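These notes concern the structure reproduced below.
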Number of protein chains: 2
Amino acid sequence: MNRFAYAAVAALTVCASASRADEGMWTFHGFPLAKANAALKTNLDQAWLDRVRAATVRLSNCTASFVSGEGLILTNHHCIAACLAEQSSKEKSYLEDGFIAKTRDEEKKCQTQVADVLVDMEEITAKISAAVAGKSEALANDARKATLTQLEGECEAATKQKCQSVTLYNGGQYWLYKYKRYTDVRLVFAPEDSIAAFGGDPDNFQFPRWCLDMGLLRAYEDGKPVSPKTFLKINFAGPAAGDPVFVSGHPGTTERLLTLAQLKQQRNIELPQWLLRYSEIRGRLIQFSATSPENARITADTLNSLENGIKVRRKMLDALHEDTLLARKAAEQAALEKSIAKNADLKKKTGNPWKDIDAALETERGIYLPHNYIENGAGFQGRLVNYARTLVRGTAEREKPNAERYREFTDSALKRVEQNLGASVPVYPELEEIRLGNGLERMREWLGPDHAVVRKLMSTESPAALAKRLVSGTKLADPAVRLELWKGGSAAIAASTDPLIVLARSIDADARALRKTYEDKVEAPMRSATERIARARFATLGTSVYPDATFTLRLNYGTVQGWNENGTPVEPFTKLSRAFERATGADPFLIPASWQRVKDKLDMNTPFNLSTNNDIVGGNSGSPLINAKGEIVGLMFDGNIHSISGAYWFDTEKNRSVAVHPAIMREALSKVYAADAVLAELTK
Amino acid sequence: MNRFAYAAVAALTVCASASRADEGMWTFHGFPLAKANAALKTNLDQAWLDRVRAATVRLSNCTASFVSGEGLILTNHHCIAACLAEQSSKEKSYLEDGFIAKTRDEEKKCQTQVADVLVDMEEITAKISAAVAGKSEALANDARKATLTQLEGECEAATKQKCQSVTLYNGGQYWLYKYKRYTDVRLVFAPEDSIAAFGGDPDNFQFPRWCLDMGLLRAYEDGKPVSPKTFLKINFAGPAAGDPVFVSGHPGTTERLLTLAQLKQQRNIELPQWLLRYSEIRGRLIQFSATSPENARITADTLNSLENGIKVRRKMLDALHEDTLLARKAAEQAALEKSIAKNADLKKKTGNPWKDIDAALETERGIYLPHNYIENGAGFQGRLVNYARTLVRGTAEREKPNAERYREFTDSALKRVEQNLGASVPVYPELEEIRLGNGLERMREWLGPDHAVVRKLMSTESPAALAKRLVSGTKLADPAVRLELWKGGSAAIAASTDPLIVLARSIDADARALRKTYEDKVEAPMRSATERIARARFATLGTSVYPDATFTLRLNYGTVQGWNENGTPVEPFTKLSRAFERATGADPFLIPASWQRVKDKLDMNTPFNLSTNNDIVGGNSGSPLINAKGEIVGLMFDGNIHSISGAYWFDTEKNRSVAVHPAIMREALSKVYAADAVLAELTK
């Protein structure tokens, strides 16, 4: 349930009648307070919402929350796995061994992490509409992006905050979200991977479950721990079955109202392509891992993420094979078309967006493979080649006026680009060779050996030999080299003889041409069509429905509960004792030595994980589960297997989210890890 | 285009109106002589058919033909790749290096190969109908199989031939095919893999093409070369564009009239499952291969087959995503239902087979994963574990009366079982560990760690550790050990402590139970339903249509021709010169040293490969391309990319088959390989 779970296009929700008490990823500016209070018999008010918002943190890949007045941040172990991997080496893995900072001095900086707190939200729909009015689709698409860049820039200059535009309802609304950003985020605590992800890939997206998927970070500013505006206290007793609970967080992507044709494109092309590519890479990494403990260590984080991504997409594909889901989508579409047909003015304004989408999708199918392999980078896999492509592309873009750049290189975005380029993180040439070689090999397979770009790169070298030469010849593993090229700008890039820079230079024009076609012929008409659908929906249904997830702050409400699995009730709580019973002694069902040593002291009745019917998806990982009093009563880390279809619809009967119970956190911090200082801070 | 291309269920063809001049895999007892002669302006007669049939050979995995009076057999290099691999070792690969027997004494026996010639065909539909009349579906299914076993046994006793029952039109007709079988088949000639499969996986199923995909075997009987009844002469000049040409051979499987629901089951479940599994194995084998030249050698044959299988299934999946194909299937089904509805008697006899198929498919979905992993062996991959399962299952079955056994262990089938068990072929423990470990790991993933069989096998060991222990502890790599257990029967099996025999014993009852459910609840109602559809089709359309492919002898007619690829004409012949231009010097675009050495002597205008519009699929590999005079004018080895959808329909515009041109065979045998004796025999 991590960054791999984020997918493609956002869209607005189904229809008001399909909305249920426990469904909905509501924005904080659109949360249905009265409805939620009535459904759950609670008394939440605006102050409660403001406090929860101010305590909720967005990491680059997950959600988190402030849990002390000294900047302590609670999130999932799997959300800080990349940071743990960055601190590790072939010989020492903090993923394997866990990490405890005994003092503040021992807290280790996460090189590529940030922590954002949402402080303000401003609607800018009217400004965008004015900017695109009267323009052709392709020009409107360019103008929309230029205006978003300009508004973000003005906002950052005026507020000194991080300003990001947010597209809701797939173009129905545009917003500027303003964040307080912390760029110095340090590791405080992580348990061993074997207990954080007990059950590994086989148990992933399953419940009952026994995972201590927690980690603690601390935000710093000017070298000192941050005093956040507010924080949430952990209630270690946890909730009771049936209790009202709320999840504040950043769901990554849902696609609950793609058109039928868009869903079929995912089913027929995008998902099978992705699954084929990554199943093969999975095999390569598993095989590489098996050759030595060192190789297993340096592969673990990548492999975990990838297996999570495979499981998610496999179940998304299964969902798209449900005839009932597709029939429901078709019926909703037909109903909206019918509503539009009744209103001559609306009909005229709306046109036939579904037909326009069909045409755009056909164009997309025609360029899908080259666009995916060359511009989107399926052919250029690995850290090093991505540094090279960022340097070549970014230095060129940076020299253009801000509003004319690709959106990932606007002034607002450049700080993150520089943070990543300058990050001192390990690069393992063996892994780089495998990933780059595999990408090049599949590019040759899918584009064919006679494709111009393939001929350019591989007319005299095999993909494996080329990858070996590039990886062994490049100096880009060194952050100083990367920063020097970055500072040197396009002149330094043009002069570079680094083989990966040479490669990135040689394909950049081809990649840009593909992107141009994609933007003008696919993205532009698609956005125009989905905006028109959104507006028609507002006209017929209002905005009483929630927008699709976009990795921006949402709140949803539900209760602690299990479900019925083919006639067998699944209880909402698990206990520590069963984890020991289920252990096989071999990874991934291995209880670590630290727990075995103190087994006799542990209370085997301690609740371990729990399930609720909150509507969450990947990106909500690390979200606080909050009771009506605003206390943390759980830490979201996963969903059950039925939750994956939540990308397309919310199945009230079976979709359940899964959280770490606070009681097991206390039991572990106290008896297993003797993390007394942390525990004191959490209970202060 | 090899054995991996064979899939599941056979069905009858589309409908008479969809049949085109160049479409159809006709049986030799149903070949439309008059229609073919009229379409092509030829004068074939029954004698021509008889001669072609007598010269056509069925290998265990491919087609071939007699090409001399001394038992010389022409087929594809990829059809003898398994035999080449059997003769190879970590140090010496006949796949890589090729093989030429300078004298008869040097010809090497293929341990697991057979060569069959079809000598007689007898219809037994009435006998089967009588045997199943009045029985419930499950009992009818058992009785059908028992009767086929009994008829095969009686036929073999009476004729001393190999007798195999053949199910045509998915149960509309039953036949006994009688073969002269040769079990001593020896290697005579194979070029290097690099020229036999020039372009490798990227070029597979592509045209234009440059592959010398040929190999020569010789059939022996009583230690002497066979004098076949007849043979086909090679016309080294080859055909001209537009010439009428015929392919005689054994297409493996087509599925041109599965019901819509059956097609969706393939699209939604079978193909994605298979592709995910094998993409991962592909990754593991590629990574293993990359670790040393020895590991590359022992993996090559398995990897080639697997990549071919992936390409085939990927394009089959694409075909099933064509809305037009599914709509056409739905329309055909509706038309047949309408015809049936008009005839009260037919309506009564037919019932609603589509509804019955839907119900059977739903049952299948419910048991798909355990049936596939446990009974069908997705969880038990590799040579050694398959020996163990054959020994456990086969010794138990052999002790039952013939007609009560599983069909793969009838008296008629046992000789092949024994040939395989006794074959002296290399077993590489490293590869066995990878394949078995992967199967067990995926079984745990898909069935879940709490499934009874998974708990039984892996409650204290990881899949990898279990695979390692089993492979290192077993003695089944030794054919003498296997044959001793086989001869010892179920008592020897019960007494064995071999860890793989112990494993196979421990899961056999679970596997049998799944098979029983599958046979009674899926196969039986499905066969009853497809028989009723076939009979309804005969009643409304007659038998003027061809049955689906079943790896039995077929003949089809067409012409030498290219096609039009998105507006660009593709010519039907390629030339040697272009192969040299296209070579990169690196595998798989490497022209071997043997060719480089004599490059100056080669005629660069020699035709290399050619395309025709014959309707063939996997299993036709190695088939002779025959002109109206009954001469060989090509050697089929592949189809273009559009040919893969031939599993479901024949696309007249674009489906093309691909053959080796005889001229390049002569050029290579003469100038590259100096195979003078062979060439003399071929031109005698």
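By convention here, the chains of the structure tokens are called A, B, ... in the order presented, each chain's residues are numbered starting at 1, and ligands are numbered starting at 1 in the order presented.
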Any chance you could tabulate, as a Markdown table, the residues of chain B at most 6 Å from chain A with each one's nearest atom pair and distance in Å to one decimal, using only C-alpha atoms, in chain and rising number order?
```
| residue | atom | partner | partner_atom | distance |
| --- | --- | --- | --- | --- |
| B:Pro202 | CA | A:Glu445 | CA | 4.7 |
| B:Ser279 | CA | A:Glu280 | CA | 4.7 |
| B:Glu280 | CA | A:Glu280 | CA | 4.2 |
| B:Ile281 | CA | A:Gly283 | CA | 5.9 |
| B:Gly283 | CA | A:Gly283 | CA | 4.3 |
| B:Arg284 | CA | A:Gly283 | CA | 4.4 |
| B:Gln287 | CA | A:Arg284 | CA | 5.3 |
| B:Glu445 | CA | A:Pro202 | CA | 4.8 |
| B:Ser459 | CA | A:Thr584 | CA | 5.5 |
| B:Thr460 | CA | A:Thr584 | CA | 4.5 |
| B:Ser462 | CA | A:Ala586 | CA | 5.7 |
| B:Thr584 | CA | A:Thr460 | CA | 4.5 |
| B:Ala586 | CA | A:Ser462 | CA | 5.6 |
```
Need to verify the contact set: B:Glu364, 10 Å, only C-alpha atoms, exclusion of same-chain residues closer than 2 positions in sequence. Can you return it as number ranges by chain? B: 265, 358-362, 366-369, 371, 517-518, 521-523
Determine, counting only C-alpha atoms, which protein, DNA and RNA residues have an atom within 10 Å of an atom of A:Gln164; residues of the same chain fewer than 5 positions away are not included. Present the result as a PyMOL selection string. chain A and resi 121+148-149+151-153+155-156+175-179+412-413+552
I need the residue nearest B:Val545 from this list: B:Arg365, B:Arg256, B:Ser165, B:Gly242. Use only C-alpha atoms for the distance. B:Arg256
Quick one: everything within 7 Å of B:Arg535, counting only C-alpha atoms, minus sequence neighbours fewer than 4 positions away in the same chain. Send it as a list in words. Gly172, Glu531 and Ala539 of chain B
Proximity to B:Leu421 - best of B:Ala403, B:Val247, B:Leu483, B:Ala330, only C-alpha atoms: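 Counting only C-alpha atoms, the residue closest to B:Leu421 is B:Leu483.
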Measure the distance from atom CA of B:Phe246 to atom CA of B:Ser227 in Å and round it to one decimal.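 Calculated distance between atom CA of B:Phe246 and atom CA of B:Ser227 is 24.4 Å.
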Which neighbours of B:Asp478 fall inside 9 Å, counting only C-alpha atoms, when residues of the same chain fewer than 5 positions from it are skipped, and could you give them as a PyMOL selection string? chain B and resi 422+424-425+427+483
Could you write out the selected residues, including N, CA, C and O atoms, as an mmCIF file, in the first residue's frame?
```
data_model
loop_
_atom_site.group_PDB
_atom_site.id
_atom_site.type_symbol
_atom_site.label_atom_id
_atom_site.label_comp_id
_atom_site.auth_asym_id
_atom_site.auth_seq_id
_atom_site.Cartn_x
_atom_site.Cartn_y
_atom_site.Cartn_z
ATOM 1 N N GLY B 422 12.775 -43.543 -18.510
ATOM 2 C CA GLY B 422 14.063 -44.211 -18.704
ATOM 3 C C GLY B 422 15.070 -43.395 -19.497
ATOM 4 O O GLY B 422 16.222 -43.815 -19.668
ATOM 5 N N SER B 424 17.890 -41.088 -20.709
ATOM 6 C CA SER B 424 19.114 -40.623 -20.077
ATOM 7 C C SER B 424 19.357 -39.188 -20.506
ATOM 8 O O SER B 424 20.003 -38.932 -21.510
ATOM 9 N N VAL B 425 18.787 -38.273 -19.763
ATOM 10 C CA VAL B 425 18.876 -36.862 -20.138
ATOM 11 C C VAL B 425 19.456 -36.074 -18.964
ATOM 12 O O VAL B 425 19.284 -36.468 -17.807
ATOM 13 N N VAL B 427 20.028 -33.522 -15.984
ATOM 14 C CA VAL B 427 19.192 -32.774 -15.043
ATOM 15 C C VAL B 427 20.127 -31.831 -14.303
ATOM 16 O O VAL B 427 21.148 -32.259 -13.781
ATOM 17 N N LEU B 483 13.527 -46.101 -13.073
ATOM 18 C CA LEU B 483 12.979 -47.342 -13.631
ATOM 19 C C LEU B 483 12.806 -48.417 -12.558
ATOM 20 O O LEU B 483 11.859 -49.205 -12.604
#
```
